[in-house]
file target.txt (compact mmCIF, C-alpha atoms and all ligand atoms)
# COMPACT_ATOMS: atom_id res chain seq x y z
CA MET A 249 65.71 88.75 109.30
CA LYS A 250 64.67 90.76 106.27
CA LEU A 251 67.24 91.29 103.53
CA SER A 252 67.16 94.25 101.19
CA ARG A 253 66.25 93.94 97.53
CA VAL A 254 69.78 94.99 96.62
CA SER A 255 71.28 92.29 98.79
CA LYS A 256 69.04 89.63 97.26
CA ASN A 257 69.52 90.81 93.71
CA ILE A 258 73.30 90.83 93.56
CA PRO A 259 74.12 87.44 92.09
CA GLY A 260 76.59 85.16 93.83
CA SER A 261 79.90 84.64 92.12
CA PRO A 262 79.76 81.92 89.44
CA VAL A 263 83.15 80.79 90.68
CA ARG A 264 82.38 80.38 94.35
CA GLU A 265 81.58 76.68 94.03
CA LEU A 266 84.76 76.25 92.02
CA TYR A 267 86.85 77.96 94.71
CA GLU A 268 85.47 75.67 97.39
CA LYS A 269 86.21 72.58 95.35
CA ALA A 270 89.68 73.86 94.41
CA LYS A 271 90.51 74.17 98.10
CA SER A 272 89.50 70.58 98.77
CA TYR A 273 92.37 69.18 96.64
CA SER A 274 95.85 69.41 98.10
CA ASP A 275 97.55 69.61 94.70
CA THR A 276 95.38 72.24 92.97
CA ILE A 277 97.14 74.58 90.59
CA ASP A 278 95.19 77.76 91.01
CA PHE A 279 95.11 80.09 88.01
CA THR A 280 92.16 82.08 89.37
CA LEU A 281 93.54 84.78 91.62
CA GLY A 282 94.51 88.24 90.48
CA ASP A 283 96.74 88.50 93.53
CA PRO A 284 100.48 88.94 92.90
CA ASP A 285 102.70 86.20 94.32
CA PHE A 286 105.39 88.78 95.17
CA TYR A 287 105.91 90.26 98.61
CA THR A 288 105.38 93.91 99.41
CA SER A 289 108.82 95.58 99.33
CA ARG A 290 110.80 95.44 102.57
CA LYS A 291 111.31 99.22 102.29
CA ILE A 292 107.55 99.75 102.49
CA CYS A 293 107.15 97.39 105.46
CA GLU A 294 109.98 99.11 107.35
CA ALA A 295 108.36 102.51 106.87
CA VAL A 296 105.12 101.14 108.33
CA ASN A 297 106.98 99.66 111.30
CA ASP A 298 108.50 103.08 111.96
CA ALA A 299 105.06 104.69 111.86
CA ILE A 300 103.63 102.12 114.28
CA ASN A 301 106.62 102.36 116.62
CA SER A 302 106.20 106.11 116.80
CA ARG A 303 102.54 105.52 117.68
CA ARG A 304 101.02 107.12 114.61
CA MET A 305 97.79 105.18 114.60
CA ASN A 306 94.79 107.51 114.77
CA TYR A 307 92.17 108.39 112.22
CA SER A 308 93.44 110.61 109.44
CA SER A 309 91.32 113.26 107.80
CA ASN A 310 88.55 111.70 105.71
CA ALA A 311 90.38 112.47 102.48
CA GLY A 312 93.59 110.83 103.75
CA LEU A 313 96.94 112.08 105.06
CA MET A 314 97.94 115.29 103.30
CA LYS A 315 101.47 113.98 102.80
CA LEU A 316 100.08 110.97 100.96
CA ARG A 317 97.81 113.11 98.81
CA GLU A 318 100.85 115.20 97.88
CA ARG A 319 102.73 112.05 96.88
CA ILE A 320 99.77 110.90 94.81
CA SER A 321 99.55 114.27 93.11
CA ASP A 322 103.29 114.10 92.24
CA PHE A 323 102.83 110.54 91.03
CA ILE A 324 99.95 111.42 88.69
CA ALA A 325 101.90 114.40 87.35
CA ARG A 326 104.86 112.13 86.64
CA GLU A 327 102.90 109.27 85.11
CA ASP A 328 100.11 111.07 83.30
CA GLY A 329 101.25 114.68 83.10
CA MET A 330 98.12 115.90 84.83
CA SER A 331 98.02 118.26 87.76
CA TYR A 332 95.68 117.65 90.72
CA ASP A 333 95.50 119.78 93.86
CA PRO A 334 96.22 117.48 96.85
CA ALA A 335 94.05 119.60 99.12
CA SER A 336 90.87 119.47 97.08
CA GLU A 337 91.14 117.06 94.13
CA ILE A 338 92.45 113.80 95.62
CA MET A 339 90.97 111.32 98.10
CA VAL A 340 92.68 108.23 99.52
CA THR A 341 90.45 105.15 99.55
CA VAL A 342 90.25 101.57 100.79
CA GLY A 343 91.56 100.10 97.56
CA ALA A 344 90.31 101.00 94.11
CA MET A 345 87.15 99.10 94.96
CA GLU A 346 86.03 101.67 97.50
CA ALA A 347 87.06 104.47 95.13
CA LEU A 348 84.81 102.93 92.46
CA TYR A 349 81.88 102.24 94.73
CA THR A 350 81.95 105.66 96.38
CA SER A 351 82.28 107.34 92.97
CA LEU A 352 79.14 105.53 91.82
CA VAL A 353 77.27 106.49 95.01
CA ASN A 354 78.39 110.06 94.36
CA LEU A 355 77.16 109.98 90.75
CA LEU A 356 74.08 107.84 90.43
CA ASP A 357 70.41 108.29 91.11
CA PRO A 358 68.03 105.34 90.75
CA GLY A 359 67.57 104.43 87.09
CA ASP A 360 70.74 106.17 85.88
CA GLU A 361 72.70 104.18 83.33
CA VAL A 362 76.42 103.49 83.19
CA ILE A 363 78.16 102.08 80.12
CA VAL A 364 80.52 99.18 80.80
CA PHE A 365 82.60 97.56 78.08
CA SER A 366 82.54 93.76 77.84
CA PRO A 367 84.46 91.65 78.75
CA TYR A 368 84.27 93.40 82.11
CA TRP A 369 85.25 93.04 85.71
CA SER A 370 81.88 91.97 87.12
CA ASN A 371 82.24 94.04 90.29
CA TYR A 372 81.42 97.11 88.17
CA ILE A 373 78.03 95.67 87.34
CA HIS A 374 77.25 94.76 90.94
CA MET A 375 78.40 98.12 92.30
CA ILE A 376 76.19 99.93 89.78
CA GLN A 377 73.26 97.74 90.84
CA MET A 378 74.00 98.42 94.52
CA CYS A 379 73.61 102.13 93.76
CA GLY A 380 70.25 101.58 92.06
CA GLY A 381 71.76 102.22 88.64
CA GLU A 382 71.69 100.14 85.50
CA ALA A 383 74.78 98.78 83.80
CA VAL A 384 74.54 98.96 80.00
CA ILE A 385 76.92 96.42 78.54
CA VAL A 386 78.68 97.37 75.31
CA ASN A 387 80.59 94.57 73.63
CA THR A 388 84.08 95.31 72.41
CA GLU A 389 85.22 94.12 68.99
CA GLU A 390 85.34 90.37 68.53
CA ASP A 391 88.90 89.02 68.91
CA THR A 392 90.73 92.36 69.33
CA PHE A 393 88.57 93.50 72.27
CA ASP A 394 89.10 97.10 71.22
CA ILE A 395 86.34 99.69 71.62
CA ASP A 396 83.53 99.28 69.10
CA VAL A 397 82.66 102.90 68.47
CA ASP A 398 79.29 102.32 66.79
CA LYS A 399 78.09 100.11 69.63
CA MET A 400 79.03 102.69 72.23
CA LYS A 401 77.14 105.45 70.46
CA ALA A 402 74.06 103.26 70.11
CA ALA A 403 74.09 102.53 73.84
CA ILE A 404 73.82 106.16 74.97
CA THR A 405 70.35 107.22 76.15
CA PRO A 406 69.08 110.29 78.02
CA ARG A 407 69.63 108.30 81.23
CA THR A 408 73.33 107.61 80.60
CA VAL A 409 75.49 109.45 83.13
CA ALA A 410 78.87 107.72 82.98
CA VAL A 411 81.12 105.30 81.21
CA ILE A 412 83.63 103.04 82.98
CA ILE A 413 86.85 102.28 81.15
CA ASN A 414 89.17 99.72 82.63
CA HIS A 415 92.39 100.47 80.83
CA PRO A 416 94.37 98.21 80.62
CA ASN A 417 91.62 95.66 80.82
CA ASN A 418 90.94 92.79 83.18
CA PRO A 419 90.33 90.05 81.93
CA THR A 420 91.57 90.45 78.33
CA GLY A 421 94.88 92.25 78.97
CA THR A 422 93.91 94.65 76.18
CA VAL A 423 95.43 98.06 75.79
CA TYR A 424 92.76 100.01 73.93
CA SER A 425 93.76 101.81 70.72
CA GLU A 426 94.30 105.55 70.76
CA ALA A 427 91.51 105.98 68.19
CA GLY A 428 89.05 103.95 70.30
CA LEU A 429 89.86 105.88 73.45
CA ARG A 430 89.66 109.24 71.71
CA TYR A 431 86.23 108.31 70.41
CA VAL A 432 84.98 107.33 73.88
CA LEU A 433 86.27 110.61 75.27
CA GLN A 434 84.77 112.62 72.46
CA LEU A 435 81.36 110.96 72.85
CA SER A 436 81.51 111.41 76.61
CA GLU A 437 82.19 115.09 76.17
CA GLN A 438 79.42 115.44 73.60
CA TYR A 439 76.84 113.78 75.88
CA GLY A 440 78.19 115.14 79.18
CA LEU A 441 79.12 111.72 80.58
CA ALA A 442 81.51 111.22 83.46
CA VAL A 443 84.49 109.07 82.46
CA ILE A 444 85.45 106.68 85.25
CA CYS A 445 88.91 105.53 84.39
CA ASP A 446 90.15 102.50 86.34
CA GLN A 447 93.92 102.34 85.91
CA CYS A 448 94.65 99.51 88.37
CA TYR A 449 96.77 97.62 85.86
CA ARG A 450 98.63 100.62 84.51
CA SER A 451 102.01 99.44 85.85
CA LEU A 452 101.55 96.09 84.09
CA VAL A 453 101.82 97.31 80.50
CA TYR A 454 104.44 95.32 78.59
CA PRO A 455 107.24 97.23 76.88
CA GLU A 456 106.11 96.46 73.32
CA ALA A 457 102.57 97.81 73.86
CA GLU A 458 101.42 101.06 72.35
CA TYR A 459 99.81 102.43 75.47
CA HIS A 460 98.07 105.79 75.75
CA SER A 461 96.80 106.65 79.19
CA ILE A 462 93.36 108.24 79.27
CA PRO A 463 94.51 111.33 81.18
CA SER A 464 97.22 111.89 78.59
CA LEU A 465 94.54 111.98 75.86
CA TYR A 466 91.94 113.93 77.78
CA ALA A 467 92.71 117.51 78.59
CA ARG A 468 89.24 118.05 80.07
CA LYS A 469 89.57 117.23 83.74
CA GLU A 470 85.98 118.30 84.47
CA ASN A 471 84.47 114.97 83.46
CA LEU A 472 87.30 112.65 84.46
CA ILE A 473 87.29 110.42 87.55
CA LEU A 474 90.71 108.87 87.77
CA ILE A 475 90.99 105.76 89.92
CA ASP A 476 94.11 103.79 90.74
CA SER A 477 95.44 101.43 93.34
CA LEU A 478 98.67 100.27 94.88
CA SER A 479 97.45 96.66 94.88
CA LYS A 480 98.95 95.29 91.68
CA ARG A 481 101.73 97.84 91.12
CA PHE A 482 103.45 97.29 94.46
CA ALA A 483 102.11 93.80 95.30
CA MET A 484 99.99 95.35 98.07
CA THR A 485 96.53 93.82 97.57
CA GLY A 486 95.95 93.16 101.27
CA TRP A 487 96.89 96.70 102.32
CA ARG A 488 93.70 97.93 100.65
CA LEU A 489 94.96 101.27 99.43
CA GLY A 490 93.76 103.19 96.41
CA TYR A 491 92.82 106.69 95.44
CA VAL A 492 90.59 108.84 93.30
CA ALA A 493 91.51 112.10 91.59
CA ALA A 494 88.72 114.28 90.20
CA PRO A 495 87.45 117.86 90.15
CA ALA A 496 87.16 119.52 93.58
CA GLN A 497 83.36 119.53 93.62
CA PHE A 498 83.26 115.78 92.98
CA ILE A 499 85.92 115.07 95.62
CA ALA A 500 84.04 117.17 98.17
CA GLY A 501 81.07 114.82 97.72
CA MET A 502 83.36 111.79 97.94
CA VAL A 503 84.90 112.97 101.22
CA HIS A 504 81.46 113.51 102.69
CA LEU A 505 80.39 109.99 101.65
CA GLN A 506 83.64 108.45 102.88
CA GLU A 507 83.14 110.13 106.25
CA ASN A 508 79.91 108.17 106.56
CA MET A 509 81.28 104.87 105.28
CA VAL A 510 84.81 104.08 106.45
CA ALA A 511 86.01 107.44 107.85
CA CYS A 512 89.38 106.98 106.16
CA ALA A 513 91.71 104.34 104.78
CA ALA A 514 93.67 102.45 107.47
CA LEU A 515 96.54 104.58 108.73
CA PRO A 516 99.33 101.94 108.49
CA SER A 517 98.35 101.42 104.87
CA GLN A 518 98.51 105.14 104.25
CA TYR A 519 102.07 105.20 105.63
CA ALA A 520 102.87 102.22 103.45
CA ALA A 521 101.58 104.14 100.43
CA ILE A 522 103.68 107.21 101.27
CA ALA A 523 106.74 104.95 101.33
CA ALA A 524 105.73 103.16 98.13
CA LEU A 525 105.25 106.39 96.21
CA SER A 526 108.32 108.12 97.68
CA THR A 527 110.92 105.38 97.56
CA ALA A 528 112.66 104.55 94.35
CA LEU A 529 110.96 101.22 93.76
CA SER A 530 110.98 101.35 89.99
CA ASP A 531 113.54 98.53 89.82
CA GLU A 532 111.29 96.27 91.90
CA VAL A 533 108.21 97.16 89.84
CA ARG A 534 110.13 96.56 86.60
CA GLY A 535 111.42 93.26 88.00
CA MET A 536 107.85 92.05 88.61
CA LEU A 537 106.85 93.08 85.10
CA ARG A 538 109.79 91.17 83.64
CA GLU A 539 108.74 88.06 85.53
CA TYR A 540 105.09 88.39 84.43
CA LYS A 541 106.26 88.85 80.85
CA MET A 542 108.28 85.65 81.00
CA ARG A 543 105.24 83.78 82.32
CA ARG A 544 102.97 85.34 79.70
CA ASP A 545 105.30 84.47 76.83
CA TYR A 546 105.60 80.90 78.03
CA VAL A 547 101.85 80.31 78.44
CA VAL A 548 100.94 82.02 75.16
CA SER A 549 103.48 79.87 73.29
CA GLN A 550 102.05 76.74 74.94
CA ILE A 551 98.49 77.70 74.04
CA ALA A 552 99.55 78.28 70.42
CA ASN A 553 100.38 74.57 70.29
CA ILE A 554 97.10 73.35 71.73
CA PRO A 555 94.72 73.02 68.76
CA LYS A 556 91.48 73.71 70.65
CA LEU A 557 92.66 76.84 72.45
CA ARG A 558 93.34 80.33 71.15
CA CYS A 559 94.49 83.54 72.75
CA ASN A 560 95.91 86.96 71.93
CA LEU A 561 99.23 88.08 73.31
CA PRO A 562 98.03 90.29 76.18
CA GLN A 563 99.58 93.73 76.01
CA ALA A 564 99.19 94.26 79.74
CA THR A 565 98.14 92.61 83.05
CA PHE A 566 99.01 89.15 84.31
CA TYR A 567 95.90 87.58 82.77
CA ILE A 568 95.38 85.49 79.66
CA TRP A 569 91.94 85.41 78.13
CA VAL A 570 91.65 82.06 76.40
CA ASN A 571 89.14 81.27 73.68
CA ILE A 572 87.77 77.74 74.24
CA LYS A 573 85.03 77.73 71.55
CA ALA A 574 86.64 74.86 69.65
CA THR A 575 86.31 72.55 72.67
CA GLY A 576 82.52 72.72 72.40
CA LEU A 577 82.36 73.41 76.14
CA SER A 578 81.12 76.50 77.92
CA GLY A 579 83.57 78.25 80.22
CA LYS A 580 81.69 76.89 83.19
CA GLU A 581 81.82 73.31 81.91
CA PHE A 582 85.46 73.63 80.95
CA ALA A 583 86.47 75.05 84.34
CA GLY A 584 84.39 72.48 86.26
CA ARG A 585 85.76 69.47 84.37
CA LEU A 586 89.34 70.73 84.36
CA LEU A 587 89.23 71.12 88.10
CA GLU A 588 87.65 67.73 88.68
CA GLN A 589 89.92 65.81 86.33
CA GLU A 590 93.23 67.62 86.61
CA HIS A 591 92.92 69.79 89.74
CA VAL A 592 93.57 72.97 87.80
CA ALA A 593 91.42 76.00 88.63
CA VAL A 594 90.64 78.68 86.01
CA VAL A 595 87.86 81.27 85.97
CA PRO A 596 84.98 80.66 83.51
CA GLY A 597 84.46 83.61 81.19
CA ILE A 598 80.86 83.97 82.36
CA ALA A 599 82.32 85.85 85.33
CA TYR A 600 83.36 88.55 82.82
CA GLY A 601 80.35 88.40 80.54
CA ASP A 602 81.48 85.87 77.90
CA ASP A 603 81.42 82.13 78.58
CA ARG A 604 83.22 81.20 75.36
CA TYR A 605 86.39 82.00 77.28
CA ILE A 606 88.31 81.20 80.44
CA ARG A 607 90.67 83.51 82.32
CA VAL A 608 94.08 82.32 83.47
CA ALA A 609 95.99 84.42 86.04
CA LEU A 610 99.77 84.11 86.05
CA THR A 611 100.28 84.88 89.71
CA MET A 612 102.49 81.93 90.59
CA GLY A 613 106.03 80.76 89.85
CA MET A 614 107.10 79.17 86.55
CA GLU A 615 107.35 75.66 87.95
CA LYS A 616 103.68 75.59 88.90
CA ILE A 617 102.67 77.30 85.66
CA LYS A 618 104.50 74.64 83.65
CA GLU A 619 102.81 71.85 85.61
CA GLY A 620 99.45 73.58 85.09
CA MET A 621 100.00 73.70 81.34
CA VAL A 622 100.94 70.00 81.26
CA ARG A 623 97.66 69.20 83.00
CA ILE A 624 95.59 71.45 80.71
CA ARG A 625 97.11 69.78 77.65
CA ARG A 626 96.41 66.33 79.13
CA PHE A 627 92.82 67.36 79.88
CA LEU A 628 92.26 68.40 76.26
CA ASP A 629 93.99 65.31 74.83
N1 LIG B 1 89.64 97.19 89.22
C1 LIG B 1 89.92 96.05 88.56
C2 LIG B 1 89.71 96.00 87.10
C3 LIG B 1 90.39 94.93 89.23
O1 LIG B 1 90.65 93.81 88.55
C4 LIG B 1 90.58 94.99 90.63
C5 LIG B 1 91.05 93.84 91.39
O2 LIG B 1 91.26 92.75 90.92
C6 LIG B 1 90.27 96.19 91.28
C7 LIG B 1 89.79 97.26 90.55
C8 LIG B 1 90.39 96.31 92.77
O3 LIG B 1 91.59 96.82 93.18
P1 LIG B 1 91.87 97.10 94.71
O4 LIG B 1 92.63 95.93 95.24
O5 LIG B 1 92.71 98.32 94.70
O6 LIG B 1 90.58 97.32 95.40
call {"tool": "encode", "arguments": {"input": "target.txt", "output": "structure tokens", "more": "lines below"}}
Ligand code: PLP
result
Amino acid sequence: MKLSRVSKNIPGSPVRELYEKAKSYSDTIDFTLGDPDFYTSRKICEAVNDAINSRRMNYSSNAGLMKLRERISDFIAREDGMSYDPASEIMVTVGAMEALYTSLVNLLDPGDEVIVFSPYWSNYIHMIQMCGGEAVIVNTEEDTFDIDVDKMKAAITPRTVAVIINHPNNPTGTVYSEAGLRYVLQLSEQYGLAVICDQCYRSLVYPEAEYHSIPSLYARKENLILIDSLSKRFAMTGWRLGYVAAPAQFIAGMVHLQENMVACAALPSQYAAIAALSTALSDEVRGMLREYKMRRDYVVSQIANIPKLRCNLPQATFYIWVNIKATGLSGKEFAGRLLEQEHVAVVPGIAYGDDRYIRVALTMGMEKIKEGMVRIRRFLD
């Protein structure tokens, strides 16, 4: 059967082979997955059971249940101080991934360019390619991973239509500086670029960080496409529930596209999201953050004592972006050998655009993390 050019051109994941191998060992310590090891709150699950028991299981409107859109609107107002009309400026999606992909379908014509800051979540690049667009990679500053303003300006061409900012950032855990963000927003305004702001890790900002959300810095809603997800915040990755908030004209296009793609997000997940955003779960969310912080502090202090590894203290997310240059190995070699010799799985940095690094995800309990660090140290010794 014939396969499309798009299908053939999207590269396979550089970590697929690694995943397969990792599964073949019974004692693998897996630092690869950005999937919280916490359970979705019982309160959320009970609300979904109630919805199912009262037989609420049809399609919703393409944009999502109005009650959920109202909750999302309240949530954005609370978190970011921005007001979005639930009837026309919000759409519920199948995770942030579908929000991102549909936004790109809504924006791009073949040959259009989208600026993506590196290190990046590689799905951005593939989604842009799937829409016939071109991802223009702009490196962030060496070591701090903050926005490099000169590089961004140099990357803008007449074909540039959008910039994606993943703030806070996967994989580096960086919270971009206010000055860097303001510059991106100012340039975007000057050149009429859409700003796609992926806030999936917004709930995972550590207390000491100086975090400025993009909406709080950007009064101009006209160019902003705000994307978020319940996945990481409420440990709900498998529920596949996200949303996009944007100007009414943009959302109208999104709803039309969604109608032709998935119709709507799954109804039980929409009820779960209503419960998540309505119930006072801040203690549970804070509890998860405390636990991630403990894990982060432990691993960063361990890495500080391993001569060939270096890392920053991530200001957000449950990832650590580890510089392995001094080992003389590429990320791919490092990850392959570490898995083979010590049965520890990490993601080579090539998956995020820089193979002088590996990414370590802290989505497991302390006991396993400690064992993983013992093995990594032994591997390097
Ligand atoms: N954006 C970034 C930067 C991510 O790392 C991820 C998942 O790992 C997503 C979006 C996808 O989120 P969702 O589970 O809501 O589709």
call {"tool": "closest_residue", "arguments": {"input": "target.txt", "among": "A:Ile413, A:Ile385, A:Met614, A:Ala496", "to": "ligand LIG 1 (chain B)", "atoms": "all atoms listed in the file"}}
result
A:Ile413
call {"tool": "residues_near_ligand", "arguments": {"input": "target.txt", "ligand": "ligand LIG 1 (chain B)", "cutoff": "7 Å", "atoms": "all atoms listed in the file", "output": "ChimeraX atom specification"}}
result
/A:282,342-346,369,414,417-418,446,448,476-479,485,488-490
call {"tool": "residues_around", "arguments": {"input": "target.txt", "residues": "Leu465 in chain A", "least_positions_apart": "2", "cutoff": "10 Å", "atoms": "only C-alpha atoms", "output": "JSON, numbers by chain"}}
result
{"A": [328, 426, 429, 430, 433, 460, 461, 462, 463, 467, 468]}
call {"tool": "atom_distance", "arguments": {"input": "target.txt", "atom1": "CA of Thr420 in chain A", "atom2": "CA of Phe279 in chain A"}}
result
14.6 Å
call {"tool": "closest_residue", "arguments": {"input": "target.txt", "among": "A:Pro284, A:Tyr349, A:Ser331, A:Ser517", "to": "Tyr540 in chain A", "atoms": "only C-alpha atoms"}}
result
A:Pro284
call {"tool": "residues_around", "arguments": {"input": "target.txt", "residues": "range 293-305 of chain A", "least_positions_apart": "6", "cutoff": "10 Å", "atoms": "all atoms listed in the file", "output": "PyMOL selection string"}}
result
chain A and resi 287+514-524
call {"tool": "atom_distance", "arguments": {"input": "target.txt", "atom1": "CA of Leu316 in chain A", "atom2": "CA of His415 in chain A"}}
result
24.0 Å
call {"tool": "residues_around", "arguments": {"input": "target.txt", "residues": "Ile376 in chain A", "least_positions_apart": "6", "cutoff": "8 Å", "atoms": "only C-alpha atoms", "output": "mmCIF file with C-alpha atoms, keeping the file's coordinate frame"}}
result
data_model
loop_
_atom_site.group_PDB
_atom_site.id
_atom_site.type_symbol
_atom_site.label_atom_id
_atom_site.label_comp_id
_atom_site.auth_asym_id
_atom_site.auth_seq_id
_atom_site.Cartn_x
_atom_site.Cartn_y
_atom_site.Cartn_z
ATOM 1 C CA TYR A 349 81.880 102.240 94.730
ATOM 2 C CA LEU A 352 79.140 105.530 91.820
ATOM 3 C CA VAL A 362 76.420 103.490 83.190
ATOM 4 C CA GLU A 382 71.690 100.140 85.500
ATOM 5 C CA ALA A 383 74.780 98.780 83.800
#
call {"tool": "atom_distance", "arguments": {"input": "target.txt", "atom1": "CA of Tyr267 in chain A", "atom2": "CA of Gln589 in chain A"}}
result
15.1 Å
call {"tool": "residues_around", "arguments": {"input": "target.txt", "residues": "Glu470 in chain A", "least_positions_apart": "4", "cutoff": "9 Å", "atoms": "only C-alpha atoms", "output": "PyMOL selection string"}}
result
chain A and resi 442+494-495
call {"tool": "closest_residue", "arguments": {"input": "target.txt", "among": "A:Ile475, A:Tyr439, A:Pro419, A:Glu265", "to": "Asn560 in chain A", "atoms": "only C-alpha atoms"}}
result
A:Pro419
call {"tool": "closest_residue", "arguments": {"input": "target.txt", "among": "A:Pro367, A:Gly576, A:Pro406, A:Gly620", "to": "Asp391 in chain A", "atoms": "all atoms listed in the file"}}
result
A:Pro367
call {"tool": "closest_residue", "arguments": {"input": "target.txt", "among": "A:Ala593, A:Ile363, A:Ala270, A:Ile606", "to": "Ala403 in chain A", "atoms": "all atoms listed in the file"}}
result
A:Ile363
call {"tool": "closest_residue", "arguments": {"input": "target.txt", "among": "A:Phe286, A:Asp396, A:Arg319, A:Tyr372", "to": "Gly535 in chain A", "atoms": "all atoms listed in the file"}}
result
A:Phe286
call {"tool": "axis_aligned_box", "arguments": {"input": "target.txt", "around": "range 374-393 of chain A", "padding_each_side": "3 Å", "output": "JSON"}}
result
{"center_x": 80.5, "center_y": 95.6, "center_z": 81.5, "size_x": 26.5, "size_y": 19.2, "size_z": 32.0}
call {"tool": "residues_around", "arguments": {"input": "target.txt", "residues": "Asp333 in chain A", "least_positions_apart": "4", "cutoff": "9 Å", "atoms": "all atoms listed in the file", "output": "PyMOL selection string"}}
result
chain A and resi 317-318+321+337-338+493+496
call {"tool": "write_last_selection", "arguments": {"input": "target.txt", "atoms": "C-alpha atoms", "output": "PDB file, in the coordinates of the input"}}
result
ATOM      1  CA  ARG A 317      97.810 113.110  98.810  1.00  0.00           C
ATOM      2  CA  GLU A 318     100.850 115.200  97.880  1.00  0.00           C
ATOM      3  CA  SER A 321      99.550 114.270  93.110  1.00  0.00           C
ATOM      4  CA  GLU A 337      91.140 117.060  94.130  1.00  0.00           C
ATOM      5  CA  ILE A 338      92.450 113.800  95.620  1.00  0.00           C
ATOM      6  CA  ALA A 493      91.510 112.100  91.590  1.00  0.00           C
ATOM      7  CA  ALA A 496      87.160 119.520  93.580  1.00  0.00           C
TER       8      ALA A 496
END
